[in-house]
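A.B. asks: Next up is a structure, given as structure tokens.
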Amino acid sequence: MWIDPTFVRGQLHPGFTDPGGSWEAPNHLTPSLATQVVGAFTRVPPQRQPGRLLQQGRTVTPLRDGAASLVLNRDGTARVGAWNRDLRMGPQVASVRQNLVLLLDKGTVNPTCSSGGTAQWGSTVGQAAYINRSGFGVTADGAGVYVGGPALSVCSLGNLLAAAGVVEGMELDINPAWVSGTYFHRNKSGDPQGFELFPGEQVAPRHYFSASSRDWYGWYARP
């Protein structure tokens, strides 16, 4: 999914269990958001992400220096980089989600994509090397790119992001039950119609219209 910040803005939606609590952003697509939504995807799984800051300036878990981080600014634009090297806290930051290490840095796929272990790339179901994976990155001109698919290795995920022009990118989910990218088409007679990014996704597009237990990213048309 190619996400052009000229036309869309991003928002992190907290889940009712992870992280739980009360937040400004709803845990599902409300009728108002449904008129604006163009895309959505699930995020970094909690057991693998070192830190997280969510909306309203609330830190759920401490942010870790050097960790691969997806930052949404208050204007809805996205950035990816190593925390406190490329990205830092500031008044423009709306949310931060961290994973382990960057998959792409300055346009180069991490050379440990084939040799690194779970400390770098996480633990898959059955420790399978080729499995459903997803990733996100930004291009040199600030566009966001989401990639998800089946039977991907860490290196193949990185190469896909690089082929799309990503200069800074990170792995998101590696569990087939949660890898989900959805894009939406307007529907004059009701909720927008959602489409899976690839066949066999286990998270149906309708998932985003119901209260979600885990947080996720929504992308919305700008006025």
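Naming scheme: A, B, ... for chains in displayed order of the structure tokens; residues 1 onward per chain; ligands 1 onward as shown.
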Residues of range 75-118 of chain A within 8 Å of range 161-181 of chain A: nearest atom pair and distance (Å, one decimal) for each, counting only C-alpha atoms, sorted by chain and number, as JSON lines?
C.D. replies:
{"residue": "A:Val80", "atom": "CA", "partner": "A:Glu168", "partner_atom": "CA", "distance": 5.7}
{"residue": "A:Gly81", "atom": "CA", "partner": "A:Glu168", "partner_atom": "CA", "distance": 6.0}
{"residue": "A:Asn99", "atom": "CA", "partner": "A:Leu172", "partner_atom": "CA", "distance": 7.2}
{"residue": "A:Val101", "atom": "CA", "partner": "A:Met170", "partner_atom": "CA", "distance": 7.2}
{"residue": "A:Leu102", "atom": "CA", "partner": "A:Met170", "partner_atom": "CA", "distance": 5.0}
{"residue": "A:Leu103", "atom": "CA", "partner": "A:Met170", "partner_atom": "CA", "distance": 4.7}
{"residue": "A:Leu104", "atom": "CA", "partner": "A:Gly169", "partner_atom": "CA", "distance": 4.7}
{"residue": "A:Asp105", "atom": "CA", "partner": "A:Glu168", "partner_atom": "CA", "distance": 4.9}
{"residue": "A:Lys106", "atom": "CA", "partner": "A:Val167", "partner_atom": "CA", "distance": 4.9}
{"residue": "A:Gly107", "atom": "CA", "partner": "A:Val167", "partner_atom": "CA", "distance": 3.8}
{"residue": "A:Thr108", "atom": "CA", "partner": "A:Val167", "partner_atom": "CA", "distance": 7.2}
{"residue": "A:Val109", "atom": "CA", "partner": "A:Ala162", "partner_atom": "CA", "distance": 7.2}
A.B. asks: Could you pull out the residues in range 129-188 of chain A that DSSP calls strand (DSSP E) from the backbone, as a list in words?
C.D. replies: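 Of range 129-188 of chain A, only Ile131, Asn132, Arg133, Ser134, Gly135, Phe136, Gly137, Val138, Thr139, Gly144, Val145, Tyr146, Val147, Gly148, Gly149, Pro150, Ala151, Leu152, Val166, Val167, Glu168, Gly169, Met170, Glu171, Gly181, Thr182, Tyr183, Phe184 and His185 of chain A fall in strand (DSSP E).
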A.B. asks: Write a file of the selected residues as a compact mmCIF listing (two decimals), in the first residue's frame, keeping C-alpha atoms.
C.D. replies:
# COMPACT_ATOMS: atom_id res chain seq x y z
CA ILE A 131 5.89 -16.90 7.11
CA ASN A 132 3.34 -14.10 6.90
CA ARG A 133 5.17 -10.86 7.62
CA SER A 134 4.48 -7.15 7.33
CA GLY A 135 6.59 -4.02 7.33
CA PHE A 136 6.34 -0.27 6.99
CA GLY A 137 8.70 2.41 5.79
CA VAL A 138 8.97 5.87 4.32
CA THR A 139 10.42 7.00 1.00
CA GLY A 144 4.52 5.71 3.52
CA VAL A 145 4.74 2.14 2.21
CA TYR A 146 3.08 -0.86 3.88
CA VAL A 147 4.04 -4.36 2.71
CA GLY A 148 2.40 -7.59 3.84
CA GLY A 149 2.34 -11.07 2.40
CA PRO A 150 2.70 -14.82 2.94
CA ALA A 151 5.88 -16.91 2.92
CA LEU A 152 8.21 -13.95 3.40
CA VAL A 166 11.74 2.94 1.12
CA VAL A 167 14.81 4.50 2.74
CA GLU A 168 13.94 3.86 6.41
CA GLY A 169 11.83 0.80 7.22
CA MET A 170 10.95 -1.66 9.95
CA GLU A 171 9.32 -5.03 10.41
CA GLY A 181 -3.45 -4.69 5.37
CA THR A 182 -6.82 -3.38 4.18
CA TYR A 183 -7.76 -0.68 1.70
CA PHE A 184 -11.24 0.78 1.34
CA HIS A 185 -13.50 2.02 -1.44
A.B. asks: So what do you get for CA of Asp191 in chain A versus CA of Arg43 in chain A, distance-wise?
C.D. replies: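 Between CA of Asp191 in chain A and CA of Arg43 in chain A the gap is 23.0 Å.
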A.B. asks: Any idea what the distance is between CA of Thr112 in chain A and CA of Ile3 in chain A?
C.D. replies: 27.6 Å
A.B. asks: Residues near Arg97 in chain A, anyone? I mean within 7 Å using only C-alpha atoms, not counting same-chain ones fewer than 5 positions away, as a ChimeraX atom specification.
C.D. replies: /A:51-53,69-71
A.B. asks: Write out as a PyMOL selection string the set of residues from range 51-200 of chain A that DSSP, computed on the backbone, places in alpha helix (DSSP H).
C.D. replies: chain A and resi 118-121+154-163
A.B. asks: Could you write out the selected residues, including N, CA and C atoms, as an mmCIF file, in the first residue's frame?
C.D. replies:
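For reference, part12.cif as written:
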data_model
loop_
_atom_site.group_PDB
_atom_site.id
_atom_site.type_symbol
_atom_site.label_atom_id
_atom_site.label_comp_id
_atom_site.auth_asym_id
_atom_site.auth_seq_id
_atom_site.Cartn_x
_atom_site.Cartn_y
_atom_site.Cartn_z
ATOM 1 N N THR A 118 16.180 -14.202 16.942
ATOM 2 C CA THR A 118 14.946 -13.658 17.495
ATOM 3 C C THR A 118 15.162 -12.324 18.202
ATOM 4 N N ALA A 119 16.371 -12.074 18.690
ATOM 5 C CA ALA A 119 16.637 -10.803 19.368
ATOM 6 C C ALA A 119 16.546 -9.634 18.406
ATOM 7 N N GLN A 120 16.760 -9.892 17.115
ATOM 8 C CA GLN A 120 16.661 -8.835 16.115
ATOM 9 C C GLN A 120 15.343 -8.848 15.365
ATOM 10 N N TRP A 121 14.831 -10.052 15.048
ATOM 11 C CA TRP A 121 13.690 -10.139 14.139
ATOM 12 C C TRP A 121 12.479 -10.819 14.744
ATOM 13 N N VAL A 154 12.758 -12.473 6.376
ATOM 14 C CA VAL A 154 13.108 -11.106 6.766
ATOM 15 C C VAL A 154 13.741 -10.383 5.581
ATOM 16 N N CYS A 155 14.644 -11.059 4.878
ATOM 17 C CA CYS A 155 15.318 -10.424 3.740
ATOM 18 C C CYS A 155 14.358 -10.099 2.612
ATOM 19 N N SER A 156 13.432 -11.019 2.302
ATOM 20 C CA SER A 156 12.503 -10.745 1.204
ATOM 21 C C SER A 156 11.576 -9.594 1.552
ATOM 22 N N LEU A 157 11.172 -9.476 2.813
ATOM 23 C CA LEU A 157 10.367 -8.331 3.236
ATOM 24 C C LEU A 157 11.165 -7.038 3.048
ATOM 25 N N GLY A 158 12.422 -7.048 3.470
ATOM 26 C CA GLY A 158 13.255 -5.870 3.301
ATOM 27 C C GLY A 158 13.466 -5.507 1.843
ATOM 28 N N ASN A 159 13.661 -6.513 1.000
ATOM 29 C CA ASN A 159 13.865 -6.248 -0.424
ATOM 30 C C ASN A 159 12.615 -5.685 -1.079
ATOM 31 N N LEU A 160 11.441 -6.131 -0.649
ATOM 32 C CA LEU A 160 10.194 -5.574 -1.179
ATOM 33 C C LEU A 160 10.061 -4.095 -0.811
ATOM 34 N N LEU A 161 10.353 -3.762 0.429
ATOM 35 C CA LEU A 161 10.288 -2.368 0.845
ATOM 36 C C LEU A 161 11.302 -1.528 0.069
ATOM 37 N N ALA A 162 12.510 -2.055 -0.092
ATOM 38 C CA ALA A 162 13.543 -1.323 -0.823
ATOM 39 C C ALA A 162 13.129 -1.108 -2.275
ATOM 40 N N ALA A 163 12.508 -2.124 -2.895
ATOM 41 C CA ALA A 163 12.080 -2.006 -4.285
ATOM 42 C C ALA A 163 10.996 -0.949 -4.450
#
A.B. asks: Can I get the residues of range 19-86 of chain A within 6 Å of range 197-219 of chain A, each with the closest pair of atoms and their distance in Å to one decimal, using only C-alpha atoms, sorted chain first then ascending number, as a tab-separated table?
C.D. replies:
residue	atom	partner	partner_atom	distance
A:Asn27	CA	A:Ala211	CA	5.3
A:His28	CA	A:Ala211	CA	4.9
A:Leu29	CA	A:Phe209	CA	4.8
A:Val37	CA	A:Trp219	CA	5.8
A:Val38	CA	A:Trp219	CA	5.8
A:Gly39	CA	A:Trp219	CA	5.1
A:Ala40	CA	A:Gly218	CA	4.4
A:Phe41	CA	A:Tyr217	CA	5.4
A:Thr42	CA	A:Trp216	CA	4.6
A:Arg43	CA	A:Trp216	CA	5.4
A.B. asks: Could you list, as a compact mmCIF listing (two decimals) with all heavy atoms, in the first residue's frame, every residue within 10 Å of Asn187 in chain A, counting only C-alpha atoms and ignoring same-chain residues fewer than 5 positions away?
C.D. replies:
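See selection.txt below for the written result:
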# COMPACT_ATOMS: atom_id res chain seq x y z
N ALA A 34 -15.57 6.22 9.16
CA ALA A 34 -15.84 5.36 8.00
C ALA A 34 -16.01 6.16 6.72
O ALA A 34 -15.77 5.66 5.62
CB ALA A 34 -17.07 4.50 8.26
N THR A 35 -16.44 7.40 6.84
CA THR A 35 -16.60 8.24 5.65
C THR A 35 -15.26 8.75 5.13
O THR A 35 -15.20 9.27 4.01
CB THR A 35 -17.51 9.45 5.94
OG1 THR A 35 -16.87 10.31 6.88
CG2 THR A 35 -18.86 9.00 6.49
N PRO A 192 -17.84 1.77 3.91
CA PRO A 192 -16.97 1.53 2.76
C PRO A 192 -16.64 0.05 2.62
O PRO A 192 -16.65 -0.70 3.61
CB PRO A 192 -15.72 2.35 3.08
CG PRO A 192 -15.74 2.51 4.56
CD PRO A 192 -17.19 2.58 4.95
N GLN A 193 -16.37 -0.37 1.41
CA GLN A 193 -16.02 -1.76 1.15
C GLN A 193 -14.53 -1.96 1.34
O GLN A 193 -13.72 -1.23 0.76
CB GLN A 193 -16.42 -2.16 -0.27
CG GLN A 193 -16.19 -3.63 -0.59
CD GLN A 193 -16.64 -4.00 -1.99
OE1 GLN A 193 -17.03 -3.13 -2.76
NE2 GLN A 193 -16.60 -5.28 -2.31
N GLY A 194 -14.18 -2.94 2.17
CA GLY A 194 -12.78 -3.21 2.45
C GLY A 194 -12.24 -4.36 1.62
O GLY A 194 -12.97 -5.32 1.32
